[in-house]
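The block underneath contains the structure these notes are about, expressed in structure tokens.
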Amino acid sequence: MSDHPDFAAEQAHIERAYACLEDARASTLRIRDLTEAQMGGTFQERYERNYFDEKVVARLNHLDIGDAALVFGRIDRRNDDHSGGDGATEAFHIGRLAVADRDANPVVVDWRAPVAEPFYRATGREPMGIVRRRHFMVEGPRLLAIEDESFGSGRLGLAGDEAVGDAPTLRGYGTLLAALGKGRSGQLGDIVATIQSEQDEIIRAPHRGVLVVQGGPGTGKTVVALHRAAYLLYTHRFPLEDQGVLVIGPNRVFLRYIERVLPSLGESGIEQVVLADLVPGITFGAHDDEHARRVKADRRMVKVLERAIADRQRPIREDVTIPFGAMRLRLSPQESARIVRQARRRGGRHNTLCRAVEGEVIATMMGKVGDGTFDLAEARDGLRQIPEFRALMFRVWPSLSPAELLHDLFGSKALLRSAAEGVVNEVDALALHRPRAESLSAAVFSDADVALLDEARDLLGPRPRRGGVLDEADDIATFGHIIVDEAQDLTPMQLRMVARRSLNGAMTVVGDLAQATGPFAADDWSQLVRTLSPKKDAKIVDLTVGYRIPRQIMELAAGVVAAALPTAVVPTAVREGDAAPRIVRSADPGGVAIVVVDEVRRLGAEVATGRVGIVCPDEWLERVADALRAAGVEFGRATSRGLEERVTLVPVGVAKGLELDAIVVVEPAAIVRTRDIGLRGLYVALTRATQRLSVVHGEDLPAAMRDSGTVSGGE
């Protein structure tokens, strides 16, 4: 409220904070100017100068907050809670990053600092030493309103500190609703000003083991996980800055959607990837049928790959003779069988044993000529120049890349049968067969191959290069903390891929079992946790409050999820929507796409500054696209442009985790029929809207929607 008695003072403090921030930027720029002016010098001096400059640039990036609010709250803490306190209060302004004046006096406290914790966690029952919490509604440096909550006086603050009945406890209710009511920008924003207590508890949880965050649609689990990444880097800067923090998303549409959150929190060094990014040097784009995808996702593929590697460790079938200078070197099948057998008993990964096997082959052949004495290194260098020797080694124990292994395996029915024998049946094995490319460089792999390539990379080990040195580029990088979003959809093979990248078992795993789709959709977290961290206990926490989705939409979706997963807990919605979901049936099934266009136009007018999404089963995408073009409605596709356009066509398979102001769900019955999507996929589609929802159909609605008791609108 602009008539608040402290309004002018708080506006002045915010302006002072921005001035101090600008001073800090100017000082940092002056330091950089000094380093840039120094040229030349020794290698060590240049290295140190470049390192220092990188740190200065990182500091400048940290101080660049763009249009985001610098200051968003304040807490007043009693001094008598600390030794030597006099009972007076001291105020701390809470903001996006720490800012001090020229005398190093704090002007703004970083939201991640311990002193800021009561701003997010204090309640009437547990005030945590504060007497007042103040929320600012701001636009950059301009203060719009102030909302106060009082503690310690036996009365509730303006926003309420206690839950009423079953209603959730919320802090800064007016500020929260104002933030939730803003139109979507097409990209996820941070919630640093409106983090609620249950969210903050997750953000500040200890950095150890696996933390599973189960949360329904609209609970903020994704943005909470990203804030946790920023918090962990702030709190454990050493060693996490060197060890690295990895964020894994389900698809590139999702990565584009979340890409601005961490930079807005001052952390730009966190790696954000899809799983395919962790397998470099591979061309993806091939498509597998459903049968092949299911087989490739199965954990039994580990054994298939182990067998495929063992099949490449092969004794020769007849004597091999190689001319070498004045000598003729021979290797018999029995000798090669002994060498292969000994290497397998020796243990170790396939590629790391290549040099040892090669040395044993050379020693066996050279030991039978002359007086049996020879220089192994000299013989090795000479024999490697001979094509027949290279062919022999390729036959007995070849150095293999993951791509070579899979390209050869999938291109040969005989190799598939051999590797799969006793592991998977022949029908499943041959589902993996595809014609060989003309060359390995021309081979194209599918998304389902990503985890198999990574498994093969782990089983094979680094390849030996010149001089027998192992190629470090083949090593799998590990990270000090890993955050996995939409983890409920990961297959057993993908889970293994994630687990091997953990340096110490510290992970934050985010998802919702009720939204699980795919061939291995789980009903509980136990198997997933056992795969990620078999030797460590995991903590599972629930986010129970739905902030984003209006109550009316959540009630419609609740009927669907109850049929899909009866044990699912539906989030408690804190917002009342402006309108109930609108259900529109086309009398002519062929006219569904035209009705979709009408709904898009209507919703576009109702959320004039927001964005509209059209969530479709794959079979409807082009029909709806044609109808939009014919009607002159400009639109984008989520798979190519993210959510940048005002109207976006979204395949139901990539809708998970996204949010828009208004959503049109097309033909729910077709979504439910889609294999590996089903009712849970429909639940996802119905819960993407922050303001308005329309459902357009020509077929009968699924029973779960008809029975929900909330169907209303234009039918």
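Order determines the names: the first chain of the structure tokens is A, the second B, and so forth; residues in each chain are numbered 1 upward, and ligands are numbered 1 upward as they are shown.
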
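Within 8 Å of stretch 90-95 of chain A there are Ala69, Leu70, Val71, Phe72, Gly73, Arg74, Ile75, Asp76, Arg77, Arg78, Asn79, Ala98, Val107, Val108, Val109, Asp110, Trp111, Ala116, Phe119 and Ala193 of chain A, counting only C-alpha atoms and ignoring same-chain residues fewer than 3 positions away.
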
Keeping only C-alpha atoms, write those residues as a PDB file, in the first residue's frame.
ATOM      1  CA  ALA A  69      13.967  -6.858  -8.383  1.00  0.00           C
ATOM      2  CA  LEU A  70      17.026  -6.332  -6.196  1.00  0.00           C
ATOM      3  CA  VAL A  71      15.153  -5.939  -2.884  1.00  0.00           C
ATOM      4  CA  PHE A  72      11.896  -7.717  -2.092  1.00  0.00           C
ATOM      5  CA  GLY A  73      11.566  -7.912   1.678  1.00  0.00           C
ATOM      6  CA  ARG A  74      12.741  -7.135   5.157  1.00  0.00           C
ATOM      7  CA  ILE A  75      12.832  -8.806   8.551  1.00  0.00           C
ATOM      8  CA  ASP A  76      13.085  -7.124  11.938  1.00  0.00           C
ATOM      9  CA  ARG A  77      14.933  -9.285  14.468  1.00  0.00           C
ATOM     10  CA  ARG A  78      15.145  -8.871  18.246  1.00  0.00           C
ATOM     11  CA  ASN A  79      18.634  -8.394  19.635  1.00  0.00           C
ATOM     12  CA  ALA A  98      24.243  -9.122  -1.148  1.00  0.00           C
ATOM     13  CA  VAL A 107      22.516  -2.741   2.635  1.00  0.00           C
ATOM     14  CA  VAL A 108      20.919  -5.917   1.239  1.00  0.00           C
ATOM     15  CA  VAL A 109      21.320  -9.482   2.521  1.00  0.00           C
ATOM     16  CA  ASP A 110      21.508 -12.332  -0.004  1.00  0.00           C
ATOM     17  CA  TRP A 111      18.335 -14.456   0.188  1.00  0.00           C
ATOM     18  CA  ALA A 116      17.575 -14.487   5.723  1.00  0.00           C
ATOM     19  CA  PHE A 119      12.021 -14.448   5.926  1.00  0.00           C
ATOM     20  CA  ALA A 193      10.621 -13.220  -3.517  1.00  0.00           C
TER      21      ALA A 193
END

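The list of residues with at least one atom within 8 Å of stretch 666-673 of chain A, based on only C-alpha atoms and without residues fewer than 2 positions apart in the same chain, reads Val596, Ile614, Val615, Cys616, Pro617, Trp620, Val652, Val664, Arg675, Ile677, Gly678, Leu679, Gly681, Leu682, Val695, Val696, His697, Gly698, Glu699, Asp700, Leu701 and Pro702 of chain A.
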
Dump of C-alpha atoms for the selected residues, as a PDB file, in the first residue's frame:
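That gives us out-v4.pdb:
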ATOM      1  CA  VAL A 596      -9.818 -25.158 -31.575  1.00  0.00           C
ATOM      2  CA  ILE A 614      -2.602 -25.912 -27.692  1.00  0.00           C
ATOM      3  CA  VAL A 615      -1.790 -29.346 -26.291  1.00  0.00           C
ATOM      4  CA  CYS A 616      -2.415 -32.073 -28.883  1.00  0.00           C
ATOM      5  CA  PRO A 617      -1.842 -35.762 -29.397  1.00  0.00           C
ATOM      6  CA  TRP A 620      -3.765 -33.910 -34.348  1.00  0.00           C
ATOM      7  CA  VAL A 652       1.432 -33.727 -25.384  1.00  0.00           C
ATOM      8  CA  VAL A 664      -6.611 -25.660 -25.196  1.00  0.00           C
ATOM      9  CA  ARG A 675       0.573 -45.695 -25.882  1.00  0.00           C
ATOM     10  CA  ILE A 677       0.780 -41.523 -22.466  1.00  0.00           C
ATOM     11  CA  GLY A 678      -2.681 -42.600 -21.277  1.00  0.00           C
ATOM     12  CA  LEU A 679      -4.638 -40.998 -18.459  1.00  0.00           C
ATOM     13  CA  GLY A 681      -0.638 -37.804 -19.969  1.00  0.00           C
ATOM     14  CA  LEU A 682      -4.141 -36.311 -19.993  1.00  0.00           C
ATOM     15  CA  VAL A 695     -11.079 -28.739 -23.782  1.00  0.00           C
ATOM     16  CA  VAL A 696     -12.176 -29.360 -27.368  1.00  0.00           C
ATOM     17  CA  HIS A 697     -13.352 -32.789 -28.473  1.00  0.00           C
ATOM     18  CA  GLY A 698     -15.324 -34.640 -31.123  1.00  0.00           C
ATOM     19  CA  GLU A 699     -15.153 -38.068 -29.554  1.00  0.00           C
ATOM     20  CA  ASP A 700     -16.763 -38.881 -26.208  1.00  0.00           C
ATOM     21  CA  LEU A 701     -14.778 -37.651 -23.248  1.00  0.00           C
ATOM     22  CA  PRO A 702     -12.879 -40.282 -21.251  1.00  0.00           C
TER      23      PRO A 702
END

List as a list in words the protein and nucleic acid residues near A:Ser694, meaning an atom at most 6 Å away when only C-alpha atoms are counted, but skip any in the same chain fewer than 2 places from it. Pro581, Arg582, Ile583 and Val664 of chain A

Give me a file of those residues, with N, CA and C atoms, as a PDB file, in the first residue's frame.
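See again.pdb below for the written result:
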ATOM      1  N   PRO A 581     -13.257 -24.456 -16.134  1.00  0.00           N
ATOM      2  CA  PRO A 581     -12.813 -24.996 -17.428  1.00  0.00           C
ATOM      3  C   PRO A 581     -13.982 -25.050 -18.406  1.00  0.00           C
ATOM      4  N   ARG A 582     -13.691 -24.787 -19.633  1.00  0.00           N
ATOM      5  CA  ARG A 582     -14.716 -24.766 -20.676  1.00  0.00           C
ATOM      6  C   ARG A 582     -14.556 -26.025 -21.527  1.00  0.00           C
ATOM      7  N   ILE A 583     -15.605 -26.820 -21.626  1.00  0.00           N
ATOM      8  CA  ILE A 583     -15.582 -28.065 -22.394  1.00  0.00           C
ATOM      9  C   ILE A 583     -16.450 -27.862 -23.631  1.00  0.00           C
ATOM     10  N   VAL A 664      -5.565 -24.904 -24.512  1.00  0.00           N
ATOM     11  CA  VAL A 664      -6.611 -25.660 -25.196  1.00  0.00           C
ATOM     12  C   VAL A 664      -6.126 -27.097 -25.306  1.00  0.00           C
TER      13      VAL A 664
END

Would you return as a ChimeraX atom specification the members of stretch 172-275 of chain A that DSSP assigns to helix (DSSP H, G or I) on this structure's backbone? /A:173-180,197-203,221-235,237-243,252-258,261-264,275

Could the residues in this selection be saved with N, CA and C atoms as a compact mmCIF listing (two decimals), in the first residue's frame?
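New file part-v4.txt:
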# COMPACT_ATOMS: atom_id res chain seq x y z
N TYR A 173 0.76 -13.36 1.52
CA TYR A 173 -0.29 -13.87 0.64
C TYR A 173 -0.59 -12.91 -0.51
N GLY A 174 -0.70 -11.62 -0.19
CA GLY A 174 -1.00 -10.65 -1.24
C GLY A 174 0.11 -10.57 -2.28
N THR A 175 1.36 -10.57 -1.82
CA THR A 175 2.50 -10.54 -2.74
C THR A 175 2.53 -11.80 -3.60
N LEU A 176 2.24 -12.94 -2.96
CA LEU A 176 2.22 -14.21 -3.69
C LEU A 176 1.17 -14.19 -4.79
N LEU A 177 -0.05 -13.78 -4.46
CA LEU A 177 -1.12 -13.77 -5.46
C LEU A 177 -0.81 -12.79 -6.58
N ALA A 178 -0.20 -11.66 -6.24
CA ALA A 178 0.17 -10.69 -7.29
C ALA A 178 1.18 -11.30 -8.25
N ALA A 179 2.15 -12.05 -7.71
CA ALA A 179 3.16 -12.68 -8.57
C ALA A 179 2.54 -13.77 -9.43
N LEU A 180 1.64 -14.57 -8.82
CA LEU A 180 1.02 -15.65 -9.58
C LEU A 180 0.07 -15.13 -10.65
N SER A 197 7.33 -21.72 2.93
CA SER A 197 8.08 -22.46 3.94
C SER A 197 8.43 -23.87 3.50
N GLU A 198 7.45 -24.62 2.94
CA GLU A 198 7.73 -26.00 2.55
C GLU A 198 8.73 -26.05 1.39
N GLN A 199 8.72 -25.02 0.56
CA GLN A 199 9.69 -24.94 -0.52
C GLN A 199 11.08 -24.61 0.00
N ASP A 200 11.14 -23.67 0.94
CA ASP A 200 12.42 -23.26 1.49
C ASP A 200 13.11 -24.41 2.23
N GLU A 201 12.31 -25.24 2.89
CA GLU A 201 12.89 -26.39 3.60
C GLU A 201 13.63 -27.31 2.64
N ILE A 202 13.09 -27.47 1.44
CA ILE A 202 13.74 -28.29 0.42
C ILE A 202 14.98 -27.59 -0.13
N ILE A 203 14.84 -26.31 -0.40
CA ILE A 203 15.96 -25.55 -0.96
C ILE A 203 17.18 -25.62 -0.04
N LYS A 221 7.88 -27.46 -8.04
CA LYS A 221 9.02 -28.36 -7.78
C LYS A 221 10.21 -28.06 -8.68
N THR A 222 9.97 -27.70 -9.93
CA THR A 222 11.09 -27.40 -10.84
C THR A 222 11.84 -26.17 -10.38
N VAL A 223 11.12 -25.10 -10.12
CA VAL A 223 11.79 -23.86 -9.74
C VAL A 223 12.42 -23.99 -8.36
N VAL A 224 11.84 -24.80 -7.49
CA VAL A 224 12.44 -25.06 -6.18
C VAL A 224 13.78 -25.78 -6.36
N ALA A 225 13.82 -26.77 -7.25
CA ALA A 225 15.06 -27.49 -7.50
C ALA A 225 16.14 -26.56 -8.04
N LEU A 226 15.78 -25.62 -8.92
CA LEU A 226 16.75 -24.69 -9.46
C LEU A 226 17.24 -23.71 -8.38
N HIS A 227 16.34 -23.26 -7.52
CA HIS A 227 16.77 -22.41 -6.41
C HIS A 227 17.68 -23.20 -5.47
N ARG A 228 17.42 -24.49 -5.33
CA ARG A 228 18.30 -25.32 -4.50
C ARG A 228 19.71 -25.36 -5.09
N ALA A 229 19.81 -25.45 -6.40
CA ALA A 229 21.13 -25.43 -7.04
C ALA A 229 21.86 -24.14 -6.70
N ALA A 230 21.16 -23.02 -6.80
CA ALA A 230 21.78 -21.72 -6.48
C ALA A 230 22.16 -21.65 -5.00
N TYR A 231 21.30 -22.18 -4.14
CA TYR A 231 21.59 -22.16 -2.70
C TYR A 231 22.81 -23.02 -2.38
N LEU A 232 22.89 -24.21 -2.95
CA LEU A 232 24.02 -25.10 -2.67
C LEU A 232 25.34 -24.49 -3.12
N LEU A 233 25.34 -23.83 -4.26
CA LEU A 233 26.57 -23.19 -4.73
C LEU A 233 26.97 -22.03 -3.82
N TYR A 234 26.00 -21.33 -3.30
CA TYR A 234 26.30 -20.23 -2.38
C TYR A 234 26.85 -20.77 -1.06
N THR A 235 26.24 -21.83 -0.55
CA THR A 235 26.60 -22.36 0.76
C THR A 235 27.85 -23.23 0.71
N ARG A 237 30.30 -23.20 -1.86
CA ARG A 237 31.03 -22.72 -3.05
C ARG A 237 32.30 -23.53 -3.28
N PHE A 238 32.99 -23.83 -2.18
CA PHE A 238 34.07 -24.80 -2.27
C PHE A 238 33.58 -26.03 -1.53
N PRO A 239 33.46 -27.19 -2.16
CA PRO A 239 34.11 -27.58 -3.42
C PRO A 239 33.19 -27.58 -4.64
N LEU A 240 31.90 -27.19 -4.51
CA LEU A 240 30.97 -27.40 -5.62
C LEU A 240 31.34 -26.63 -6.88
N GLU A 241 31.97 -25.47 -6.72
CA GLU A 241 32.33 -24.71 -7.91
C GLU A 241 33.31 -25.49 -8.79
N ASP A 242 34.21 -26.26 -8.16
CA ASP A 242 35.14 -27.08 -8.93
C ASP A 242 34.52 -28.41 -9.34
N GLN A 243 33.71 -29.00 -8.47
CA GLN A 243 33.11 -30.30 -8.77
C GLN A 243 32.00 -30.19 -9.80
N ARG A 252 14.60 -30.60 -24.85
CA ARG A 252 15.15 -29.26 -25.12
C ARG A 252 14.10 -28.16 -24.97
N VAL A 253 12.83 -28.48 -25.22
CA VAL A 253 11.78 -27.49 -24.98
C VAL A 253 11.80 -27.07 -23.52
N PHE A 254 11.93 -28.04 -22.64
CA PHE A 254 11.98 -27.78 -21.20
C PHE A 254 13.21 -26.96 -20.84
N LEU A 255 14.37 -27.29 -21.42
CA LEU A 255 15.59 -26.53 -21.11
C LEU A 255 15.46 -25.08 -21.52
N ARG A 256 14.87 -24.83 -22.68
CA ARG A 256 14.67 -23.44 -23.11
C ARG A 256 13.73 -22.72 -22.15
N TYR A 257 12.77 -23.46 -21.61
CA TYR A 257 11.79 -22.87 -20.71
C TYR A 257 12.41 -22.45 -19.39
N ILE A 258 13.41 -23.20 -18.90
CA ILE A 258 13.98 -22.91 -17.58
C ILE A 258 15.31 -22.16 -17.66
N VAL A 261 16.32 -19.03 -15.26
CA VAL A 261 16.14 -19.01 -13.81
C VAL A 261 17.47 -18.87 -13.08
N LEU A 262 18.41 -19.75 -13.37
CA LEU A 262 19.69 -19.70 -12.64
C LEU A 262 20.48 -18.43 -12.91
N PRO A 263 20.58 -17.93 -14.15
CA PRO A 263 21.26 -16.64 -14.34
C PRO A 263 20.58 -15.51 -13.55
N SER A 264 19.25 -15.56 -13.42
CA SER A 264 18.56 -14.51 -12.67
C SER A 264 18.90 -14.57 -11.19
N LEU A 275 19.90 -35.68 -21.61
CA LEU A 275 20.82 -36.81 -21.52
C LEU A 275 21.70 -36.95 -22.76

My list of candidates is A:Gln527, A:Ser268, A:Ser185, A:Asn61. Which is closest to A:Asp661 when distances are computed with only C-alpha atoms? A:Ser185

Which residues are near stretch 209-216 of chain A? Cut-off 9 Å, only C-alpha atoms, ignore same chain within fewer than 4 positions. Put them as a PyMOL selection string. chain A and resi 202+205+220-221+225+504-515+525+529+532-533+536-546+568-571

Distance query A:Pro323 at most 10 Å, only C-alpha atoms, self and fewer than 6 positions along chain excluded, as a ChimeraX atom specification: /A:329-330,383,386,388-389

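Separating atom CA of A:Arg501 from atom CA of A:Ala477 is a distance of 6.2 Å.
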
In stretch 510-623 of chain A, DSSP strand (DSSP E) residues written as a CSV table (one decimal) with C-alpha atoms, in the first residue's frame:
chain,number,residue,atom,x,y,z
A,510,VAL,CA,12.2,-34.0,-8.8
A,511,GLY,CA,9.1,-35.5,-10.2
A,538,ALA,CA,17.0,-41.5,0.2
A,539,LYS,CA,14.8,-38.8,1.8
A,540,ILE,CA,11.4,-38.3,0.1
A,541,VAL,CA,9.6,-35.0,0.7
A,542,ASP,CA,6.3,-33.8,-0.6
A,543,LEU,CA,5.2,-30.5,-2.0
A,545,VAL,CA,0.4,-26.9,-2.1
A,546,GLY,CA,-0.5,-25.9,-5.7
A,572,THR,CA,-4.3,-28.1,-2.5
A,573,ALA,CA,-4.9,-25.2,-4.8
A,582,ARG,CA,-14.7,-24.8,-20.7
A,583,ILE,CA,-15.6,-28.1,-22.4
A,584,VAL,CA,-16.6,-27.7,-26.1
A,585,ARG,CA,-17.8,-30.5,-28.3
A,612,VAL,CA,-2.0,-19.6,-25.2
A,613,GLY,CA,-0.9,-23.2,-25.7
A,614,ILE,CA,-2.6,-25.9,-27.7
A,615,VAL,CA,-1.8,-29.3,-26.3
A,616,CYS,CA,-2.4,-32.1,-28.9
